[in-house]
Amino acid sequence: MLGSGEEAIWNKMRANSSEKQAKSLQFPEGFLWGTATSAHQVEGRQTNNDWWATEQIGGYVFKDQKAGDACDWWRDYEGDFNRMQDLKTNAHRLSIEWSRVQPQPGYWSEPALQRYREMILQLRKRGIEPMVTLHHFTNPLWMSVLGGWENENSPEYFEAYVRKVVSELGDLANLWCTINEPMVLLAQGYLMGSWPPHNTSVYALYQAGLNLIKAHGRAYHAIHEINPEARVGIAKHMVVWRPYRNWMPSDQLAARMINRLSNRVLLDAVVKGEMKIPLRGKVKFDNLEGTLDWIGINYYQRFRVGLKLRNLIGKIFPRLPADIFYHGTSPDYQKGPGPWGEIYAEGLYDTLQSVRHYGLPVLITENGIPDRTDIHRPRFIITHLHQLWKAIQDGIPIEGYYYWSLVDNFEWSEGYNPDFRFGLYGVDFETQKRTLKTSGKLYAEICRNNGIAPELIEEYDPALLEQIFDRSL
Ligand code: GAL
């Protein structure tokens with residue numbers, strides 16, 4: 001929660017930024033402008049985690065591609081760290097690969113820890129504030145052999161790893177993110193079965209869910225024990241769910257239910273120490289209440305949903321959500337490629353309003369667009385930052401924004417599918433050559449100015465001038 005002192009400082013920062021509002025969308029002083037990456041997606045040469053195993057099986061990744069060298073960070077990260085500087089960012093969110101640090105139970109790799117130490121130091125040297133994520137989708141192979149998150153000891157395993165990492169690197173980083181998008185991991189791994197562990201069982205889903213939540217709680221306390229100054233959060237994927245047909249009560253019900261399950265339950269658990277879920281009612285956790293110092297929001301898209309009424313009646317035990325719900329997009333809105341949802345900037349504002357009642361500082365830990373051509377990305381960035389700025393004017397304490405991603409990278413099931421490129425820099429994966437995109441130039445200007453001036457919009461997307469500044473050319 002914000003203390004009264006912090007609130008006063010925040011209000012002052014906000015007042016300063018809104019004075020300039022007429023001239024430009026100015027952000028509070030000290031705002032964190034960053035980019036985000038994750039270990040498996042950029043480091044390359046990962047051969048000891050469950051994603052590597054999935055890539056070997058085949059059938060789960062676009063054209064059966066493998067992450068391979070990815071962006072080659074394990075060999076050379078410095079080039080991309082220099083690029084962060086070129087973009088004038090002052091923050092970066094990266095993740096530590098558990099399977100590198102603890103390749104076997106009970107064995108810690110000092111060279112891997114040393115390597116991460118160097119990486120974080122190199123960020124600091126460049127004036128870039130690190131945010132360290134401890135789990136970004138991948139588990140060490142030994143952990144999946146032991147049953148992954150279904151194993152009742154998994155929260156303990158995670159805590160031991162977190163203690164090791166924070167004891168070694170805790171002096172270098174203040175911002176710690178325990179787990180990236182636990183609900184996405186659960187949905188993809190245990191509902192759809194498209195990600196490891198490819199286990200579509202409701203029982204496994206429930207066990208894994210409980211253990212991930214417990215693991216977060218343990219990690220929170222461990223980090224604070226080692227470094228009381230640390231600020232610990234979670235990166236929560238938030239989707240805007242809207243009824244397929246606004247007027248249809250069953251579609252409204254579907255949107256409410258999915259919103260509750262996917263957006264609320266987990267945050268409620270880690271803030272209040274308890275959650276309410278269907279068929280189980282209230283579930284209470286020990287030592288979990290208040291285990292967030294900030295909320296990380298990963299926001300990408302909006303979906304429309306409805307209930308398959310016939311299936312609800314016909315199937316006594318619907319197993320997959322697809323048996324009960326349908327989801328999709330409206331042709332009236334811009335959408336991303338393939339199964340991607342609607343690109344909907346206002347959804348970021350709505351999402352921020354929806355977490356306001358938790359009374360915690362917020363960081364946008366990810367926001368980005370799959371855009372092969374970079375034609376849509378500049379507008380995406382401007383319109384989403386406009387919504388972010390509006391939420392700040394409304395008094396929501398938003399401290400930073402991390403664009404996903406610095407560089408094109410390995411996009412999980414989409415592999416290196418060219419339609420799923422998120423980078424501000426393009427990457428030629430054959431040669432490792434980088435190319436700064438137009439959106440990268442735009443983002444650099446925004447970071448440099450700590451805001452968006454009308455001139456910038458005039459240069460990059462004049463059609464937005466009226467919408468944002470109430471004036472046209
Ligand atoms: C997030 C995820 C990232 C990245 C991004 C783009 O859900 O945390 O790893 O893949 O989506 O799809």
# chains A, B, ... in the order shown; residues from 1 in each chain; ligands from 1
>>> residues_around(residues="segment 294-305 of chain A", least_positions_apart="3", cutoff="9 Å", atoms="only C-alpha atoms", output="VMD selection string")
chain A and resid 1 177 181 231 to 245 251 to 252 254 to 255 258 267 325 to 330 335 to 336 340 to 345 347 to 348 351 to 352 355 358 360 to 369
>>> write_last_selection(atoms="C-alpha atoms", output="short mmCIF file (atom, residue, chain, number, x, y, z; two decimals), in the first residue's frame")
data_model
loop_
_atom_site.label_atom_id
_atom_site.label_comp_id
_atom_site.auth_asym_id
_atom_site.auth_seq_id
_atom_site.Cartn_x
_atom_site.Cartn_y
_atom_site.Cartn_z
CA MET A 1 0.00 0.00 0.00
CA CYS A 177 9.41 -10.31 -10.29
CA GLU A 181 2.05 -14.90 -16.02
CA ARG A 231 10.44 -4.53 -4.05
CA VAL A 232 8.76 -7.72 -5.16
CA GLY A 233 5.91 -8.20 -7.60
CA ILE A 234 4.42 -10.58 -10.10
CA ALA A 235 3.81 -10.10 -13.84
CA LYS A 236 0.10 -10.67 -14.35
CA HIS A 237 -1.24 -11.18 -17.84
CA MET A 238 -4.46 -9.20 -18.18
CA VAL A 239 -6.90 -9.60 -21.05
CA VAL A 240 -9.98 -7.49 -21.66
CA TRP A 241 -12.91 -9.90 -22.02
CA ARG A 242 -16.01 -8.50 -23.59
CA PRO A 243 -19.36 -10.20 -24.28
CA TYR A 244 -19.60 -11.34 -27.89
CA ARG A 245 -23.02 -9.78 -28.08
CA ASP A 251 -22.32 -13.75 -23.23
CA GLN A 252 -22.23 -11.22 -20.41
CA ALA A 254 -19.19 -15.69 -19.87
CA ALA A 255 -17.23 -12.41 -19.92
CA ILE A 258 -13.62 -15.52 -17.52
CA LEU A 267 -4.24 -11.15 -7.69
CA PHE A 325 -16.91 -20.95 -23.98
CA TYR A 326 -16.26 -19.61 -27.40
CA HIS A 327 -14.06 -16.65 -28.01
CA GLY A 328 -13.05 -14.51 -30.94
CA THR A 329 -12.80 -11.01 -32.30
CA SER A 330 -15.03 -8.55 -34.12
CA LYS A 335 -6.73 -7.65 -34.68
CA GLY A 336 -3.37 -9.34 -34.48
CA TRP A 340 -4.30 -13.00 -31.58
CA GLY A 341 -7.10 -10.80 -30.26
CA GLU A 342 -8.19 -7.23 -30.92
CA ILE A 343 -5.67 -4.45 -30.58
CA TYR A 344 -7.46 -2.21 -28.12
CA ALA A 345 -5.51 0.57 -26.42
CA GLY A 347 -8.21 -1.76 -22.62
CA LEU A 348 -4.98 -0.76 -20.94
CA THR A 351 -7.25 -2.73 -16.88
CA LEU A 352 -5.41 -0.15 -14.81
CA VAL A 355 -6.54 -3.00 -10.30
CA TYR A 358 -5.64 -3.05 -4.60
CA LEU A 360 -0.54 -0.84 -4.97
CA PRO A 361 1.98 0.79 -7.29
CA VAL A 362 1.80 -0.56 -10.82
CA LEU A 363 4.41 -1.35 -13.46
CA ILE A 364 3.51 -2.26 -17.01
CA THR A 365 5.82 -5.26 -17.20
CA GLU A 366 4.90 -6.04 -20.83
CA ASN A 367 2.97 -4.44 -23.67
CA GLY A 368 3.55 -5.01 -27.36
CA ILE A 369 2.20 -6.08 -30.71
#
>>> select_by_dssp(residues="segment 315-386 of chain A", states="strand (DSSP E or B)", output="number ranges by chain")
A: 325-328, 335, 342, 362-367
>>> closest_residue(among="A:Trp195, A:Trp149, A:Trp404, A:Tyr157", to="Gln207 of chain A", atoms="only C-alpha atoms")
A:Trp149
>>> select_by_dssp(residues="segment 315-359 of chain A", states="helix (DSSP H, G or I)", output="number ranges by chain")
A: 321-324, 346-358
>>> closest_residue(among="A:Phe137, A:Tyr220, A:Phe285, A:Trp142", to="ligand 1", atoms="only C-alpha atoms and all ligand atoms")
A:Phe137
>>> atom_distance(atom1="atom CA of Thr431 of chain A", atom2="atom CA of Tyr402 of chain A")
26.6 Å
>>> atom_distance(atom1="atom CA of Pro397 of chain A", atom2="atom CA of Asp350 of chain A")
14.6 Å
>>> closest_residue(among="A:Leu212, A:Ile396, A:Ala39, A:Val166", to="Val184 of chain A", atoms="only C-alpha atoms")
A:Leu212
>>> residues_around(residues="Ser38 of chain A", least_positions_apart="3", cutoff="8 Å", atoms="only C-alpha atoms", output="list in words")
Gln41, Val42, Arg93, Leu94, Ser95, Ile96 and His136 of chain A
>>> atom_distance(atom1="atom CA of Gln26 of chain A", atom2="atom CA of Leu442 of chain A")
15.2 Å
>>> closest_residue(among="A:Ser413, A:Gln353, A:Ser109, A:Ser194", to="ligand 1", atoms="only C-alpha atoms and all ligand atoms")
A:Ser413
>>> residues_around(residues="segment 417-428 of chain A", least_positions_apart="6", cutoff="7 Å", atoms="only C-alpha atoms", output="tab-separated table (two decimals) with all heavy atoms, in the first residue's frame")
chain	number	residue	atom	x	y	z
A	62	PHE	N	5.68	-23.72	-34.20
A	62	PHE	CA	5.56	-23.35	-35.61
A	62	PHE	C	6.68	-24.01	-36.42
A	62	PHE	O	7.86	-23.85	-36.09
A	62	PHE	CB	5.64	-21.82	-35.69
A	62	PHE	CG	5.67	-21.25	-37.09
A	62	PHE	CD1	4.52	-21.19	-37.86
A	62	PHE	CD2	6.85	-20.76	-37.62
A	62	PHE	CE1	4.55	-20.65	-39.14
A	62	PHE	CE2	6.89	-20.21	-38.90
A	62	PHE	CZ	5.74	-20.17	-39.66
A	337	PRO	N	-2.30	-11.14	-35.76
A	337	PRO	CA	-2.31	-12.29	-36.65
A	337	PRO	C	-2.86	-13.55	-35.97
A	337	PRO	O	-2.82	-13.66	-34.74
A	337	PRO	CB	-0.82	-12.48	-36.99
A	337	PRO	CG	-0.09	-11.84	-35.86
A	337	PRO	CD	-0.96	-10.73	-35.36
A	368	GLY	N	2.94	-4.98	-26.03
A	368	GLY	CA	3.55	-5.01	-27.36
A	368	GLY	C	2.60	-5.59	-28.38
A	368	GLY	O	1.48	-6.00	-28.06
A	369	ILE	N	3.06	-5.63	-29.61
A	369	ILE	CA	2.20	-6.08	-30.71
A	369	ILE	C	3.00	-6.97	-31.67
A	369	ILE	O	4.13	-6.64	-32.03
A	369	ILE	CB	1.59	-4.86	-31.46
A	369	ILE	CG1	0.70	-5.30	-32.62
A	369	ILE	CG2	2.69	-3.91	-31.96
A	369	ILE	CD1	-0.03	-4.14	-33.31
A	370	PRO	N	2.39	-8.11	-32.07
A	370	PRO	CA	3.04	-8.91	-33.10
A	370	PRO	C	2.80	-8.22	-34.44
A	370	PRO	O	1.67	-8.13	-34.88
A	370	PRO	CB	2.32	-10.26	-33.03
A	370	PRO	CG	1.01	-9.98	-32.34
A	370	PRO	CD	1.12	-8.69	-31.61
A	371	ASP	N	3.84	-7.72	-35.04
A	371	ASP	CA	3.67	-6.93	-36.26
A	371	ASP	C	4.89	-7.14	-37.15
A	371	ASP	O	5.95	-6.57	-36.92
A	371	ASP	CB	3.51	-5.44	-35.87
A	371	ASP	CG	3.39	-4.54	-37.08
A	371	ASP	OD1	3.15	-5.04	-38.20
A	371	ASP	OD2	3.53	-3.31	-36.90
A	372	ARG	N	4.68	-7.94	-38.16
A	372	ARG	CA	5.76	-8.33	-39.06
A	372	ARG	C	6.40	-7.11	-39.74
A	372	ARG	O	7.60	-7.04	-39.92
A	372	ARG	CB	5.09	-9.22	-40.11
A	372	ARG	CG	5.91	-9.67	-41.21
A	372	ARG	CD	5.01	-10.43	-42.19
A	372	ARG	NE	5.83	-11.32	-42.95
A	372	ARG	CZ	5.52	-12.58	-43.24
A	372	ARG	NH1	4.39	-13.10	-42.84
A	372	ARG	NH2	6.34	-13.32	-43.93
A	404	TRP	N	7.44	-4.85	-24.72
A	404	TRP	CA	7.82	-6.18	-25.16
A	404	TRP	C	7.90	-6.17	-26.67
A	404	TRP	O	6.88	-6.05	-27.31
A	404	TRP	CB	6.80	-7.25	-24.70
A	404	TRP	CG	7.28	-8.60	-25.15
A	404	TRP	CD1	7.08	-9.19	-26.37
A	404	TRP	CD2	8.10	-9.51	-24.40
A	404	TRP	NE1	7.72	-10.39	-26.43
A	404	TRP	CE2	8.36	-10.61	-25.23
A	404	TRP	CE3	8.65	-9.48	-23.10
A	404	TRP	CZ2	9.14	-11.70	-24.83
A	404	TRP	CZ3	9.42	-10.55	-22.69
A	404	TRP	CH2	9.65	-11.66	-23.56
A	405	SER	N	9.06	-6.25	-27.28
A	405	SER	CA	10.31	-6.59	-26.66
A	405	SER	C	11.42	-5.74	-27.29
A	405	SER	O	11.19	-5.09	-28.33
A	405	SER	CB	10.57	-8.09	-26.89
A	405	SER	OG	11.80	-8.49	-26.34
A	406	LEU	N	12.58	-5.77	-26.71
A	406	LEU	CA	13.71	-5.02	-27.29
A	406	LEU	C	14.01	-5.52	-28.70
A	406	LEU	O	14.17	-4.74	-29.64
A	406	LEU	CB	14.95	-5.22	-26.40
A	406	LEU	CG	16.25	-4.63	-26.94
A	406	LEU	CD1	16.24	-3.12	-26.85
A	406	LEU	CD2	17.46	-5.19	-26.21
A	407	VAL	N	14.10	-6.85	-28.81
A	407	VAL	CA	14.49	-7.47	-30.10
A	407	VAL	C	13.47	-8.55	-30.47
A	407	VAL	O	12.84	-9.14	-29.59
A	407	VAL	CB	15.87	-8.16	-29.96
A	407	VAL	CG1	17.00	-7.17	-30.09
A	407	VAL	CG2	15.99	-8.95	-28.65
A	408	ASP	N	13.31	-8.81	-31.75
A	408	ASP	CA	12.53	-9.99	-32.17
A	408	ASP	C	13.13	-11.19	-31.46
A	408	ASP	O	14.36	-11.25	-31.29
A	408	ASP	CB	12.68	-10.22	-33.68
A	408	ASP	CG	12.02	-9.13	-34.51
A	408	ASP	OD1	11.15	-8.43	-33.99
A	408	ASP	OD2	12.38	-9.01	-35.70
A	411	GLU	N	9.25	-16.91	-30.04
A	411	GLU	CA	7.92	-16.64	-29.49
A	411	GLU	C	7.17	-17.95	-29.17
A	411	GLU	O	6.15	-18.27	-29.74
A	411	GLU	CB	7.17	-15.72	-30.46
A	411	GLU	CG	5.73	-15.40	-30.14
A	411	GLU	CD	5.46	-14.82	-28.76
A	411	GLU	OE1	6.37	-14.25	-28.13
A	411	GLU	OE2	4.32	-14.97	-28.31
A	434	ARG	N	21.07	-6.92	-36.44
A	434	ARG	CA	19.94	-6.14	-35.90
A	434	ARG	C	19.63	-4.95	-36.81
A	434	ARG	O	20.55	-4.34	-37.34
A	434	ARG	CB	20.27	-5.57	-34.52
A	434	ARG	CG	20.83	-6.53	-33.49
A	434	ARG	CD	19.87	-7.64	-33.19
A	434	ARG	NE	20.18	-8.33	-31.95
A	434	ARG	CZ	20.57	-9.59	-31.87
A	434	ARG	NH1	20.75	-10.31	-32.96
A	434	ARG	NH2	20.78	-10.14	-30.69
A	435	THR	N	18.34	-4.62	-36.89
A	435	THR	CA	17.95	-3.42	-37.63
A	435	THR	C	16.95	-2.64	-36.79
A	435	THR	O	15.92	-3.19	-36.36
A	435	THR	CB	17.23	-3.81	-38.95
A	435	THR	OG1	18.01	-4.82	-39.58
A	435	THR	CG2	17.08	-2.62	-39.87
A	436	LEU	N	17.28	-1.40	-36.56
A	436	LEU	CA	16.36	-0.56	-35.77
A	436	LEU	C	15.11	-0.27	-36.60
A	436	LEU	O	15.19	0.14	-37.76
A	436	LEU	CB	17.06	0.76	-35.41
A	436	LEU	CG	16.23	1.76	-34.60
A	436	LEU	CD1	15.80	1.20	-33.25
A	436	LEU	CD2	17.01	3.06	-34.39
A	437	LYS	N	13.95	-0.52	-35.99
A	437	LYS	CA	12.70	-0.28	-36.72
A	437	LYS	C	12.23	1.16	-36.46
A	437	LYS	O	12.69	1.82	-35.51
A	437	LYS	CB	11.61	-1.26	-36.23
A	437	LYS	CG	11.99	-2.72	-36.44
A	437	LYS	CD	10.88	-3.65	-35.94
A	437	LYS	CE	11.34	-5.10	-35.93
A	437	LYS	NZ	10.34	-6.01	-35.37
A	439	SER	N	9.50	2.02	-35.19
A	439	SER	CA	8.93	2.07	-33.83
A	439	SER	C	10.03	2.23	-32.78
A	439	SER	O	9.81	2.86	-31.74
A	439	SER	CB	8.14	0.80	-33.56
A	439	SER	OG	8.95	-0.33	-33.82
A	440	GLY	N	11.22	1.69	-33.06
A	440	GLY	CA	12.34	1.83	-32.14
A	440	GLY	C	12.78	3.29	-32.06
A	440	GLY	O	13.06	3.81	-30.98
>>> closest_residue(among="A:Lys276, A:Arg100, A:Arg124, A:His384", to="Asp171 of chain A", atoms="only C-alpha atoms")
A:Arg124
>>> closest_residue(among="A:Phe27, A:Trp412, A:Trp73, A:Tyr60", to="ligand 1", atoms="only C-alpha atoms and all ligand atoms")
A:Trp412
>>> residues_around(residues="Met275 of chain A", least_positions_apart="4", cutoff="12 Å", atoms="only C-alpha atoms", output="list in words")
Gly209, Leu210, Ile213, Arg260, Leu261, Arg264, Val265, Leu266, Leu267, Asp268, Ala269, Val270, Val271, Arg280, Gly281, Lys282, Val283, Lys284, Phe285, Leu288 and Glu289 of chain A
